[in-house]
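Undergrad: Below is the file upload_5.tsv, with TSV, C-alpha atoms and all ligand atoms.
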chain	number	residue	atom	x	y	z
A	1	MET	CA	59.27	278.04	300.44
A	2	THR	CA	62.88	277.04	299.83
A	3	TYR	CA	63.97	274.56	297.27
A	4	SER	CA	67.52	273.64	298.22
A	5	ASN	CA	66.91	269.95	298.87
A	6	LEU	CA	64.72	267.32	297.25
A	7	ASP	CA	64.67	265.25	300.46
A	8	ARG	CA	62.55	262.08	300.08
A	9	LEU	CA	62.02	262.62	296.36
A	10	ALA	CA	65.70	261.95	295.68
A	11	ASP	CA	65.82	258.99	298.06
A	12	PRO	CA	65.63	255.80	295.98
A	13	THR	CA	64.22	253.75	298.88
A	14	GLN	CA	61.04	255.83	298.78
A	15	PHE	CA	57.85	255.75	296.67
A	16	HIS	CA	57.92	252.11	295.63
A	17	HIS	CA	54.19	251.70	296.33
A	18	PRO	CA	51.45	251.60	293.70
A	19	LEU	CA	50.17	255.07	292.72
A	20	ASP	CA	47.21	256.69	294.39
A	21	ILE	CA	44.70	256.73	291.52
A	22	SER	CA	41.60	257.66	293.51
A	23	GLY	CA	39.42	260.10	291.59
A	24	CYS	CA	41.29	259.49	288.31
A	25	ASP	CA	39.55	258.77	285.02
A	26	PRO	CA	40.16	255.06	284.23
A	27	ALA	CA	40.15	255.75	280.47
A	28	LEU	CA	42.91	258.36	280.85
A	29	LEU	CA	44.94	256.02	283.07
A	30	ALA	CA	44.64	253.25	280.48
A	31	GLU	CA	45.78	255.63	277.74
A	32	GLN	CA	48.72	256.82	279.84
A	33	LEU	CA	49.76	253.28	280.75
A	34	LYS	CA	49.72	252.31	277.09
A	35	MET	CA	51.75	255.37	276.09
A	36	MET	CA	54.36	254.72	278.79
A	37	LEU	CA	54.62	251.16	277.57
A	38	VAL	CA	55.03	252.31	273.96
A	39	ILE	CA	57.88	254.60	275.03
A	40	ARG	CA	59.49	251.92	277.23
A	41	LEU	CA	59.39	249.18	274.60
A	42	ALA	CA	60.39	251.49	271.73
A	43	GLU	CA	63.46	252.60	273.69
A	44	GLU	CA	64.31	249.03	274.70
A	45	LYS	CA	64.12	248.11	271.00
A	46	ILE	CA	66.45	250.98	270.12
A	47	GLY	CA	68.86	249.85	272.87
A	48	ASP	CA	68.82	246.27	271.58
A	49	MET	CA	69.43	247.43	268.02
A	50	VAL	CA	72.37	249.61	269.08
A	51	THR	CA	73.84	246.53	270.78
A	52	ALA	CA	73.20	244.50	267.63
A	53	GLY	CA	75.07	247.08	265.55
A	54	GLU	CA	71.99	247.97	263.48
A	55	ILE	CA	71.92	251.63	264.60
A	56	ASN	CA	74.94	253.84	264.08
A	57	CYS	CA	73.84	257.18	265.54
A	58	PRO	CA	74.27	257.98	269.26
A	59	CYS	CA	71.07	257.18	271.19
A	60	HIS	CA	70.33	258.60	274.64
A	61	LEU	CA	67.68	256.47	276.33
A	62	GLY	CA	65.28	257.79	278.95
A	63	ILE	CA	64.01	254.42	280.17
A	64	GLY	CA	62.57	255.04	283.66
A	65	GLN	CA	61.56	258.65	282.87
A	66	GLU	CA	58.40	257.92	280.82
A	67	ALA	CA	55.81	259.43	283.17
A	68	ILE	CA	57.03	263.00	282.76
A	69	ALA	CA	56.28	263.56	279.09
A	70	VAL	CA	53.15	261.41	279.29
A	71	GLY	CA	51.71	263.44	282.18
A	72	LEU	CA	52.58	266.76	280.59
A	73	SER	CA	51.43	265.91	277.06
A	74	THR	CA	47.97	265.10	278.44
A	75	HIS	CA	47.43	268.88	278.60
A	76	LEU	CA	49.20	269.99	275.43
A	77	GLN	CA	47.73	270.81	272.03
A	78	ALA	CA	49.21	270.26	268.58
A	79	THR	CA	49.47	274.04	268.18
A	80	ASP	CA	51.78	274.35	271.20
A	81	ARG	CA	55.54	274.49	270.60
A	82	VAL	CA	57.45	271.80	272.44
A	83	PHE	CA	61.26	271.63	272.50
A	84	GLY	CA	63.38	268.72	273.67
A	85	ALA	CA	67.10	268.13	273.97
A	86	HIS	CA	69.37	265.11	273.46
A	87	ARG	CA	67.14	262.60	275.36
A	88	SER	CA	63.82	263.26	273.68
A	89	HIS	CA	62.28	260.03	272.41
A	90	SER	CA	59.63	260.26	275.15
A	91	HIS	CA	58.86	263.93	274.43
A	92	TYR	CA	58.22	263.13	270.77
A	93	LEU	CA	56.28	259.88	271.31
A	94	ALA	CA	54.10	261.24	274.13
A	95	LEU	CA	52.83	263.98	271.82
A	96	GLY	CA	51.74	261.31	269.35
A	97	GLY	CA	54.97	261.02	267.37
A	98	ASP	CA	54.99	258.00	265.08
A	99	VAL	CA	57.10	255.01	266.23
A	100	PHE	CA	57.92	253.99	262.66
A	101	GLU	CA	59.21	257.51	261.92
A	102	LEU	CA	61.31	257.47	265.10
A	103	PHE	CA	62.87	254.13	264.14
A	104	ALA	CA	63.40	255.24	260.53
A	105	GLU	CA	65.10	258.39	261.87
A	106	VAL	CA	67.57	256.57	264.13
A	107	LEU	CA	68.32	254.29	261.17
A	108	GLY	CA	68.93	257.34	258.93
A	109	ARG	CA	66.17	256.29	256.53
A	110	VAL	CA	64.21	258.57	254.28
A	111	GLY	CA	60.90	257.91	256.11
A	112	GLY	CA	62.27	259.30	259.39
A	113	CYS	CA	60.62	262.22	261.18
A	114	ALA	CA	63.59	264.41	260.12
A	115	LYS	CA	63.87	262.66	256.73
A	116	GLY	CA	66.73	260.53	258.05
A	117	MET	CA	69.03	263.56	258.28
A	118	GLY	CA	69.10	264.00	262.05
A	119	GLY	CA	69.10	260.74	263.96
A	120	SER	CA	68.03	260.28	267.57
A	121	MET	CA	68.95	263.79	268.77
A	122	HIS	CA	67.27	265.76	265.98
A	123	LEU	CA	63.65	264.71	266.17
A	124	TYR	CA	61.00	266.97	264.70
A	125	ASP	CA	57.31	266.79	263.91
A	126	GLY	CA	55.56	270.12	263.42
A	127	ASN	CA	52.15	268.43	263.00
A	128	ILE	CA	52.09	267.31	266.64
A	129	GLY	CA	53.73	270.44	268.06
A	130	PHE	CA	57.18	268.89	268.52
A	131	ALA	CA	59.31	271.83	267.43
A	132	GLY	CA	62.60	269.97	267.70
A	133	SER	CA	65.42	268.57	269.76
A	134	VAL	CA	69.16	269.27	269.51
A	135	PRO	CA	72.27	267.78	271.15
A	136	ILE	CA	73.82	270.98	272.47
A	137	VAL	CA	72.97	271.12	276.16
A	138	GLY	CA	70.79	274.14	276.96
A	139	ALA	CA	70.55	275.22	273.33
A	140	THR	CA	66.80	274.73	272.93
A	141	ILE	CA	65.90	276.68	276.09
A	142	PRO	CA	66.27	280.17	274.53
A	143	ILE	CA	64.64	278.93	271.32
A	144	ALA	CA	61.63	277.82	273.36
A	145	VAL	CA	61.56	281.25	274.99
A	146	GLY	CA	61.55	282.78	271.49
A	147	ALA	CA	58.67	280.49	270.53
A	148	ALA	CA	56.82	281.61	273.66
A	149	LEU	CA	57.34	285.23	272.62
A	150	ALA	CA	55.96	284.39	269.17
A	151	ALA	CA	52.99	282.64	270.80
A	152	LYS	CA	52.31	285.69	272.92
A	153	MET	CA	52.45	287.95	269.86
A	154	ASP	CA	50.12	285.58	267.95
A	155	ASN	CA	47.68	285.81	270.87
A	156	GLN	CA	46.15	282.39	270.13
A	157	HIS	CA	46.65	280.92	273.64
A	158	GLN	CA	49.47	278.68	272.48
A	159	ILE	CA	52.27	277.93	274.87
A	160	ALA	CA	55.88	276.78	274.58
A	161	VAL	CA	57.42	273.93	276.54
A	162	SER	CA	61.13	273.53	277.22
A	163	TYR	CA	62.40	270.15	278.41
A	164	PHE	CA	65.96	269.96	279.75
A	165	GLY	CA	68.01	268.03	282.29
A	166	ASP	CA	69.54	269.14	285.59
A	167	GLY	CA	72.88	269.47	283.78
A	168	ALA	CA	71.44	272.18	281.53
A	169	THR	CA	70.75	274.38	284.56
A	170	GLU	CA	74.54	274.82	284.75
A	171	GLU	CA	74.54	276.66	281.42
A	172	GLY	CA	74.43	280.48	281.49
A	173	VAL	CA	71.80	280.54	278.77
A	174	PHE	CA	69.35	278.75	281.08
A	175	HIS	CA	69.47	281.67	283.52
A	176	GLU	CA	69.21	284.30	280.80
A	177	SER	CA	66.20	282.46	279.39
A	178	LEU	CA	64.39	282.29	282.73
A	179	ASN	CA	65.04	285.96	283.32
A	180	LEU	CA	63.70	287.01	279.93
A	181	ALA	CA	60.63	284.74	280.20
A	182	ALA	CA	59.83	286.20	283.62
A	183	MET	CA	60.41	289.80	282.55
A	184	LEU	CA	58.22	289.46	279.44
A	185	LYS	CA	55.65	287.20	281.20
A	186	LEU	CA	55.91	284.64	278.43
A	187	PRO	CA	53.62	281.59	278.07
A	188	ILE	CA	56.19	278.86	278.67
A	189	VAL	CA	56.50	275.83	280.91
A	190	PHE	CA	60.08	274.95	281.82
A	191	VAL	CA	60.41	271.24	282.62
A	192	CYS	CA	63.58	270.12	284.32
A	193	GLU	CA	63.91	266.34	284.22
A	194	ASN	CA	66.17	266.08	287.23
A	195	ASN	CA	67.57	262.55	286.96
A	196	LEU	CA	70.40	263.58	289.33
A	197	PHE	CA	73.11	262.92	286.76
A	198	ALA	CA	74.78	264.94	284.01
A	199	SER	CA	76.76	262.47	281.94
A	200	HIS	CA	78.51	260.52	284.71
A	201	MET	CA	78.52	263.07	287.50
A	202	HIS	CA	75.95	263.20	290.31
A	203	ILE	CA	74.35	266.54	291.10
A	204	ARG	CA	75.79	266.35	294.63
A	205	LEU	CA	79.26	266.80	293.10
A	206	ARG	CA	78.14	269.65	290.84
A	207	GLN	CA	75.77	271.88	292.80
A	208	PRO	CA	75.45	272.97	296.43
A	209	GLY	CA	71.84	271.74	296.54
A	210	ASN	CA	70.17	268.94	294.56
A	211	SER	CA	67.02	270.90	293.64
A	212	THR	CA	66.96	273.04	290.50
A	213	ALA	CA	63.65	274.77	291.34
A	214	ARG	CA	65.66	277.24	293.39
A	215	PHE	CA	66.68	278.87	290.12
A	216	ALA	CA	63.01	279.49	289.25
A	217	GLN	CA	62.52	281.06	292.65
A	218	ALA	CA	65.48	283.36	291.99
A	219	HIS	CA	63.76	284.54	288.81
A	220	HIS	CA	60.34	284.96	290.49
A	221	ILE	CA	58.87	282.09	288.46
A	222	PRO	CA	56.34	279.89	290.29
A	223	ALA	CA	57.51	276.28	290.58
A	224	GLU	CA	56.43	272.83	291.66
A	225	ILE	CA	58.64	269.89	292.52
A	226	VAL	CA	57.09	266.52	291.74
A	227	ASP	CA	57.82	262.80	291.73
A	228	GLY	CA	58.53	262.41	288.02
A	229	ASN	CA	57.87	258.66	288.31
A	230	ASP	CA	54.25	259.23	289.37
A	231	VAL	CA	52.15	259.90	286.29
A	232	VAL	CA	49.11	260.87	288.36
A	233	LYS	CA	50.95	263.56	290.32
A	234	MET	CA	52.76	264.58	287.16
A	235	THR	CA	49.45	265.03	285.28
A	236	ALA	CA	48.05	267.15	288.12
A	237	VAL	CA	51.00	269.57	288.39
A	238	ALA	CA	51.27	269.73	284.60
A	239	GLN	CA	47.66	270.89	284.42
A	240	LYS	CA	48.43	273.68	286.87
A	241	ALA	CA	51.56	274.70	284.96
A	242	VAL	CA	49.95	274.61	281.51
A	243	GLU	CA	46.84	276.50	282.64
A	244	HIS	CA	49.05	279.12	284.28
A	245	ALA	CA	51.06	279.67	281.09
A	246	ARG	CA	48.02	279.52	278.79
A	247	SER	CA	46.09	282.04	280.88
A	248	GLY	CA	48.72	284.72	280.31
A	249	ALA	CA	50.09	284.61	283.87
A	250	GLY	CA	53.65	284.02	282.63
A	251	PRO	CA	56.13	281.16	282.90
A	252	PHE	CA	55.93	278.14	285.21
A	253	PHE	CA	58.74	275.80	286.25
A	254	LEU	CA	58.33	272.08	286.93
A	255	GLU	CA	61.10	270.13	288.57
A	256	THR	CA	60.39	266.46	287.93
A	257	VAL	CA	62.53	264.12	289.99
A	258	THR	CA	63.44	260.90	288.25
A	259	TYR	CA	66.30	258.57	287.32
A	260	ARG	CA	67.47	257.08	284.07
A	261	TRP	CA	68.03	253.36	284.10
A	262	ARG	CA	70.51	253.34	281.25
A	263	GLY	CA	73.79	255.19	281.01
A	264	HIS	CA	74.37	258.62	279.56
A	265	VAL	CA	74.47	257.33	276.00
A	266	GLY	CA	73.78	253.88	274.59
A	267	PRO	CA	72.15	250.82	276.11
A	268	ARG	CA	74.58	250.12	278.99
A	269	GLU	CA	73.37	250.77	282.54
A	270	ASP	CA	76.66	252.50	283.44
A	271	THR	CA	76.73	251.01	286.91
A	272	ASP	CA	80.50	251.37	286.96
A	273	VAL	CA	80.40	255.16	286.80
A	274	GLY	CA	79.28	257.74	289.29
A	275	LEU	CA	78.69	257.82	292.99
A	276	LYS	CA	76.59	254.88	294.23
A	277	ARG	CA	74.93	254.43	290.85
A	278	SER	CA	75.12	250.64	291.05
A	279	ASP	CA	73.32	250.57	294.45
A	280	ASP	CA	70.84	253.29	293.57
A	281	LEU	CA	69.79	251.87	290.22
A	282	VAL	CA	68.40	248.68	291.80
A	283	LEU	CA	66.32	250.80	294.20
A	284	TRP	CA	65.16	253.23	291.52
A	285	LYS	CA	63.86	250.30	289.50
A	286	GLY	CA	61.48	249.82	292.45
A	287	ARG	CA	60.10	253.27	291.62
A	288	ASP	CA	59.25	252.13	288.07
A	289	PRO	CA	56.62	254.55	286.70
A	290	VAL	CA	55.03	251.89	284.49
A	291	GLN	CA	54.85	249.19	287.16
A	292	ARG	CA	53.52	251.57	289.83
A	293	LEU	CA	50.60	252.59	287.62
A	294	ALA	CA	49.92	249.04	286.45
A	295	ALA	CA	49.88	247.76	290.06
A	296	ALA	CA	47.47	250.51	291.11
A	297	MET	CA	45.12	249.74	288.23
A	298	GLU	CA	45.25	246.05	289.03
A	299	ASN	CA	44.53	246.69	292.73
A	300	ALA	CA	41.58	248.91	291.80
A	301	GLY	CA	40.18	246.21	289.52
A	302	ILE	CA	40.44	248.45	286.43
A	303	MET	CA	42.97	246.20	284.74
A	304	SER	CA	43.21	242.45	285.17
A	305	PRO	CA	46.52	240.56	284.97
A	306	ASP	CA	45.29	239.17	281.63
A	307	ASN	CA	44.55	242.68	280.32
A	308	LEU	CA	48.08	243.70	281.29
A	309	VAL	CA	49.67	240.76	279.50
A	310	ASN	CA	47.52	241.48	276.42
A	311	LEU	CA	48.48	245.15	276.46
A	312	HIS	CA	52.15	244.25	276.66
A	313	THR	CA	51.81	241.75	273.80
A	314	THR	CA	49.90	244.22	271.59
A	315	VAL	CA	52.35	247.07	272.15
A	316	LYS	CA	55.36	244.79	271.68
A	317	SER	CA	54.05	243.49	268.38
A	318	SER	CA	53.30	247.03	267.11
A	319	ILE	CA	56.88	248.01	268.02
A	320	GLU	CA	58.33	244.98	266.19
A	321	ASP	CA	56.16	245.74	263.17
A	322	ALA	CA	57.29	249.41	263.12
A	323	TRP	CA	60.93	248.32	263.35
A	324	GLN	CA	60.54	245.82	260.53
A	325	ARG	CA	58.96	248.42	258.26
A	326	ALA	CA	61.57	251.06	259.15
A	327	ALA	CA	64.46	248.67	258.48
A	328	GLU	CA	63.04	247.93	255.04
A	329	THR	CA	62.92	251.58	253.91
A	330	ALA	CA	65.62	253.26	251.85
A	331	PHE	CA	68.42	255.62	252.82
A	332	PRO	CA	68.08	259.11	251.33
A	333	PRO	CA	70.07	259.56	248.11
A	334	GLN	CA	73.42	261.34	248.50
A	335	THR	CA	72.08	264.33	246.55
A	336	ALA	CA	69.50	264.91	249.33
A	337	LEU	CA	72.34	266.27	251.50
A	338	LEU	CA	71.99	269.65	249.82
A	339	ASP	CA	68.20	269.64	249.54
A	340	LEU	CA	67.47	270.59	253.10
A	341	VAL	CA	70.10	273.26	253.84
A	342	TYR	CA	70.05	277.00	253.29
A	343	PHE	CA	72.54	277.37	250.50
A	344	SER	CA	72.18	279.16	247.19
A	345	ASN	CA	75.28	278.22	245.22
A	346	GLN	CA	75.00	274.44	244.97
A	347	GLU	CA	77.14	274.27	241.83
A	348	ALA	CA	80.18	275.45	243.79
A	349	LEU	CA	80.02	272.27	245.85
A	350	LEU	CA	79.36	269.78	243.08
A	401	LIG	C1	77.09	272.76	275.49
A	401	LIG	C2	77.35	271.30	275.70
A	401	LIG	N1	78.22	270.91	276.65
A	401	LIG	C3	78.47	269.60	276.86
A	401	LIG	C4	77.85	268.65	276.08
A	401	LIG	C5	78.10	267.16	276.33
A	401	LIG	N2	76.92	266.62	277.04
A	401	LIG	C6	75.92	266.01	276.36
A	401	LIG	S1	74.67	265.56	277.39
A	401	LIG	C7	75.49	266.13	278.73
A	401	LIG	C8	74.90	266.01	280.12
A	401	LIG	C9	73.55	266.60	280.20
A	401	LIG	O1	72.96	266.29	281.43
A	401	LIG	P1	71.50	266.69	281.72
A	401	LIG	O2	71.21	268.03	281.15
A	401	LIG	O3	71.27	266.52	283.18
A	401	LIG	O4	70.62	265.64	280.90
A	401	LIG	P2	70.58	264.06	281.00
A	401	LIG	O5	71.65	263.56	280.05
A	401	LIG	O6	70.81	263.67	282.39
A	401	LIG	O7	69.23	263.69	280.51
A	401	LIG	C10	76.70	266.70	278.38
A	401	LIG	C11	77.64	267.31	279.34
A	401	LIG	C12	76.95	269.10	275.08
A	401	LIG	N3	76.32	268.23	274.29
A	401	LIG	N4	76.71	270.42	274.92
Could I get this structure in the form of structure tokens?
TA:
Amino acid sequence: MTYSNLDRLADPTQFHHPLDISGCDPALLAEQLKMMLVIRLAEEKIGDMVTAGEINCPCHLGIGQEAIAVGLSTHLQATDRVFGAHRSHSHYLALGGDVFELFAEVLGRVGGCAKGMGGSMHLYDGNIGFAGSVPIVGATIPIAVGAALAAKMDNQHQIAVSYFGDGATEEGVFHESLNLAAMLKLPIVFVCENNLFASHMHIRLRQPGNSTARFAQAHHIPAEIVDGNDVVKMTAVAQKAVEHARSGAGPFFLETVTYRWRGHVGPREDTDVGLKRSDDLVLWKGRDPVQRLAAAMENAGIMSPDNLVNLHTTVKSSIEDAWQRAAETAFPPQTALLDLVYFSNQEALL
């Protein structure tokens, strides 16, 4: 198999239909729909609050990409070690990360998941297996490989997960990491969220092919390419990838094809940057992962229009409540700046 071109998967006129949910567990679908909605509405709230000037840290929104983390997290355990990057709200929330703690973190408040010290790009919650996100592109990939090595040495069937974008595959460290993981047969799932853009540049202007799975092939790592806006397909390939890594068979690579509705950073849609982004965005909204699942559930009679409205209302009010509570919490005291760093001679600084 060759992986040089994503073909229909990168064509925004395709896959606008409701998902094929035949044979799926309705309870799981309902859970996944709710989680995607939580992620969508939490990120919309963050976007609105950036616009309103309430949030001062940079926020990279992944609206439109919700199905990837939701499908994958279905198969993960709290003892696994999951690493994100700069666009990781969905990775954190899909594992069960607390919305209040996410909001408190982007507001720099003491109740945040990183104690208000990190902001949107430094999320962490060890209790759910979210081992951290950092802004430096590609930087978490080798750390995830190290965590996979530790998991292998612990021999407890834990795995590591490394989320990154298509832009990160242009970093040398990505290739070194794949090579090492393959050589040492490490229990890791590499997940490339290929949204076709790195900052404002389309992959067509950056790489000779638009598929990143070819890099896995070069390192003898098995790979699957999937519609990242189809949570059913995503859940199925994620199961294969996670079982492969957990069984001791070595790394697996998932290329999930998607699109972000908002710009590189902040709430703007950035339709004035990049090749055809303004035309494509309208079409990609037709491949909405939330709407495609909701429509399928409605067609199958699993979810009535009233149920859908109720779900939306319930999730929206829980988001508003979490925001309200987060906005009412305190900032950390200035002295806390030195509490969480490795430094022995505090007096020298005071
Ligand atoms: C080493 C490094 N180089 C450049 C940047 C600036 N930068 C931040 S995000 C980004 C693009 C990343 O694109 P991709 O990996 O595809 O993720 P996406 O933003 O599309 O989710 C760049 C160039 C950075 N943070 N770190």
Undergrad: State, in Å with one decimal place, the distance from CA of Gly108 (chain A) to CA of Phe331 (chain A).
TA: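 We find that CA of Gly108 (chain A) and CA of Phe331 (chain A) lie 6.4 Å from each other.
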Undergrad: I need the residue nearest ligand LIG 401 (chain A) from this list: A:Pro12, A:Gly250, A:Pro18, A:Pro58. Use all atoms listed in the file for the distance.
TA: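 Among the listed residues, A:Pro58 lies closest to ligand LIG 401 (chain A).
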Undergrad: Might you pull out every residue within 12 Å of Ile159 (chain A), with all atoms listed in the file counted and same-chain residues fewer than 4 positions away left off, and present them as a PyMOL selection string?
TA: chain A and resi 75-83+129+131+144-155+185-190+241-252
Undergrad: Which residues are near Ala114 (chain A)? Cut-off 9 Å, only C-alpha atoms, ignore same chain within fewer than 5 positions. Put them as a PyMOL selection string.
TA: chain A and resi 101-102+105+108+119+122-125
Undergrad: Can I get the selection written as an mmCIF file, keeping the file's coordinate frame, with C-alpha atoms?
TA:
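Just written: part02.cif:
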data_model
loop_
_atom_site.group_PDB
_atom_site.id
_atom_site.type_symbol
_atom_site.label_atom_id
_atom_site.label_comp_id
_atom_site.auth_asym_id
_atom_site.auth_seq_id
_atom_site.Cartn_x
_atom_site.Cartn_y
_atom_site.Cartn_z
ATOM 1 C CA GLU A 101 59.210 257.510 261.920
ATOM 2 C CA LEU A 102 61.310 257.470 265.100
ATOM 3 C CA GLU A 105 65.100 258.390 261.870
ATOM 4 C CA GLY A 108 68.930 257.340 258.930
ATOM 5 C CA GLY A 119 69.100 260.740 263.960
ATOM 6 C CA HIS A 122 67.270 265.760 265.980
ATOM 7 C CA LEU A 123 63.650 264.710 266.170
ATOM 8 C CA TYR A 124 61.000 266.970 264.700
ATOM 9 C CA ASP A 125 57.310 266.790 263.910
#
Undergrad: Compute the set of protein, DNA and RNA residues whose minimum atom distance to ligand LIG 401 (chain A) is at most 9 Å, using only C-alpha atoms and all ligand atoms, and state it as a JSON list (two decimals) with C-alpha atoms, keeping the file's coordinate frame.
TA:
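Everything below was put into selection.json:
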[["chain", "number", "residue", "atom", "x", "y", "z"],
["A", 60, "HIS", "CA", 70.33, 258.60, 274.64],
["A", 61, "LEU", "CA", 67.68, 256.47, 276.33],
["A", 62, "GLY", "CA", 65.28, 257.79, 278.95],
["A", 85, "ALA", "CA", 67.10, 268.13, 273.97],
["A", 86, "HIS", "CA", 69.37, 265.11, 273.46],
["A", 87, "ARG", "CA", 67.14, 262.60, 275.36],
["A", 88, "SER", "CA", 63.82, 263.26, 273.68],
["A", 134, "VAL", "CA", 69.16, 269.27, 269.51],
["A", 135, "PRO", "CA", 72.27, 267.78, 271.15],
["A", 136, "ILE", "CA", 73.82, 270.98, 272.47],
["A", 137, "VAL", "CA", 72.97, 271.12, 276.16],
["A", 138, "GLY", "CA", 70.79, 274.14, 276.96],
["A", 139, "ALA", "CA", 70.55, 275.22, 273.33],
["A", 164, "PHE", "CA", 65.96, 269.96, 279.75],
["A", 165, "GLY", "CA", 68.01, 268.03, 282.29],
["A", 166, "ASP", "CA", 69.54, 269.14, 285.59],
["A", 167, "GLY", "CA", 72.88, 269.47, 283.78],
["A", 168, "ALA", "CA", 71.44, 272.18, 281.53],
["A", 169, "THR", "CA", 70.75, 274.38, 284.56],
["A", 170, "GLU", "CA", 74.54, 274.82, 284.75],
["A", 171, "GLU", "CA", 74.54, 276.66, 281.42],
["A", 192, "CYS", "CA", 63.58, 270.12, 284.32],
["A", 193, "GLU", "CA", 63.91, 266.34, 284.22],
["A", 194, "ASN", "CA", 66.17, 266.08, 287.23],
["A", 195, "ASN", "CA", 67.57, 262.55, 286.96],
["A", 196, "LEU", "CA", 70.40, 263.58, 289.33],
["A", 197, "PHE", "CA", 73.11, 262.92, 286.76],
["A", 198, "ALA", "CA", 74.78, 264.94, 284.01],
["A", 199, "SER", "CA", 76.76, 262.47, 281.94],
["A", 200, "HIS", "CA", 78.51, 260.52, 284.71],
["A", 201, "MET", "CA", 78.52, 263.07, 287.50],
["A", 203, "ILE", "CA", 74.35, 266.54, 291.10],
["A", 259, "TYR", "CA", 66.30, 258.57, 287.32],
["A", 260, "ARG", "CA", 67.47, 257.08, 284.07],
["A", 263, "GLY", "CA", 73.79, 255.19, 281.01],
["A", 264, "HIS", "CA", 74.37, 258.62, 279.56],
["A", 265, "VAL", "CA", 74.47, 257.33, 276.00]]
Undergrad: Set the distance at 12 Å and use only C-alpha atoms: which residues neighbour Ala322 (chain A) once local chain neighbours fewer than 3 positions away are removed? I'd like the list as a VMD selection string.
TA: chain A and resid 38 41 to 42 45 to 46 98 to 105 111 to 112 315 to 319 325 to 329
Undergrad: Pick the closest to Gly84 (chain A) from A:Val70, A:Ala294, A:Ile128, A:Val191: which is it, counting all atoms listed in the file?
TA: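 Looking only at the distances to Gly84 (chain A), the closest residue turns out to be A:Val191.
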Undergrad: Can you pull out the residues contacting Val226 (chain A)? Cut-off 10 Å, using all atoms listed in the file, and skip same-chain residues under 4 positions away; I want them as a list in words.
TA: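 So, after excluding close chain neighbours, the residues are Leu6, Leu9, Ile68, Asp230, Val231, Lys233, Met234, Ala236, Val237, Ala238, Leu254, Glu255, Thr256, Val257 and Thr258 of chain A.
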Undergrad: Produce a file of the selected residues containing C-alpha atoms, as a PDB file, in the coordinates of the input.
TA:
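Saved result, part_20.pdb, follows:
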ATOM      1  CA  LEU A   6      64.720 267.320 297.250  1.00  0.00           C
ATOM      2  CA  LEU A   9      62.020 262.620 296.360  1.00  0.00           C
ATOM      3  CA  ILE A  68      57.030 263.000 282.760  1.00  0.00           C
ATOM      4  CA  ASP A 230      54.250 259.230 289.370  1.00  0.00           C
ATOM      5  CA  VAL A 231      52.150 259.900 286.290  1.00  0.00           C
ATOM      6  CA  LYS A 233      50.950 263.560 290.320  1.00  0.00           C
ATOM      7  CA  MET A 234      52.760 264.580 287.160  1.00  0.00           C
ATOM      8  CA  ALA A 236      48.050 267.150 288.120  1.00  0.00           C
ATOM      9  CA  VAL A 237      51.000 269.570 288.390  1.00  0.00           C
ATOM     10  CA  ALA A 238      51.270 269.730 284.600  1.00  0.00           C
ATOM     11  CA  LEU A 254      58.330 272.080 286.930  1.00  0.00           C
ATOM     12  CA  GLU A 255      61.100 270.130 288.570  1.00  0.00           C
ATOM     13  CA  THR A 256      60.390 266.460 287.930  1.00  0.00           C
ATOM     14  CA  VAL A 257      62.530 264.120 289.990  1.00  0.00           C
ATOM     15  CA  THR A 258      63.440 260.900 288.250  1.00  0.00           C
TER      16      THR A 258
END
Undergrad: Might I get the box with edges along x, y and z of the file that holds all atoms of region 249-259 of chain A listed there, padded by 8 Å on every side, given as centre and edge lengths in Å to one decimal, as JSON?
TA:
{"center_x": 58.2, "center_y": 271.6, "center_z": 286.3, "size_x": 32.2, "size_y": 42.0, "size_z": 23.4}
Undergrad: Around the point (61.3, 256.4, 278.6), in the coordinates given by the file, pick out the residues reaching within 8 Å, counting only C-alpha atoms, and return them as an MDAnalysis selection string.
TA: chainID A and resid 36 39:40 43 61:67 89:90
Undergrad: Counting only C-alpha atoms, figure out which residue out of A:Leu19, A:Ala69, A:Ala182, A:Cys57 gets nearest to Gln291 (chain A).
TA: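 With only C-alpha atoms as the atom set, the closest residue is A:Leu19.
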Undergrad: Just give me the gap between CA of Val161 (chain A) and CA of Asp227 (chain A) in Å, one decimal is fine.
TA: 18.8 Å
Undergrad: CA of Val309 (chain A) and CA of Pro26 (chain A), how far apart in Å?
TA: 17.8 Å
Undergrad: Just want the 12 Å neighbourhood of region 298-301 of chain A, counted on all atoms listed in the file, with same-chain residues fewer than 5 positions away dropped. Output as a ChimeraX atom specification.
TA: /A:17-24,26,29-30,33,291-293,306-309
Undergrad: Between A:Gly209, A:Leu311, A:Gly47, A:Ser120, which is the closest to Glu31 (chain A) once you count all atoms listed in the file?
TA: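 Of the candidates, the smallest distance to Glu31 (chain A) is held by A:Leu311.
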Undergrad: Between A:Arg268, A:His16, A:His175, A:Arg287, which one has atoms that come closest to His220 (chain A), using only C-alpha atoms?
TA: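 So, comparing all the options, the nearest one is A:His175.
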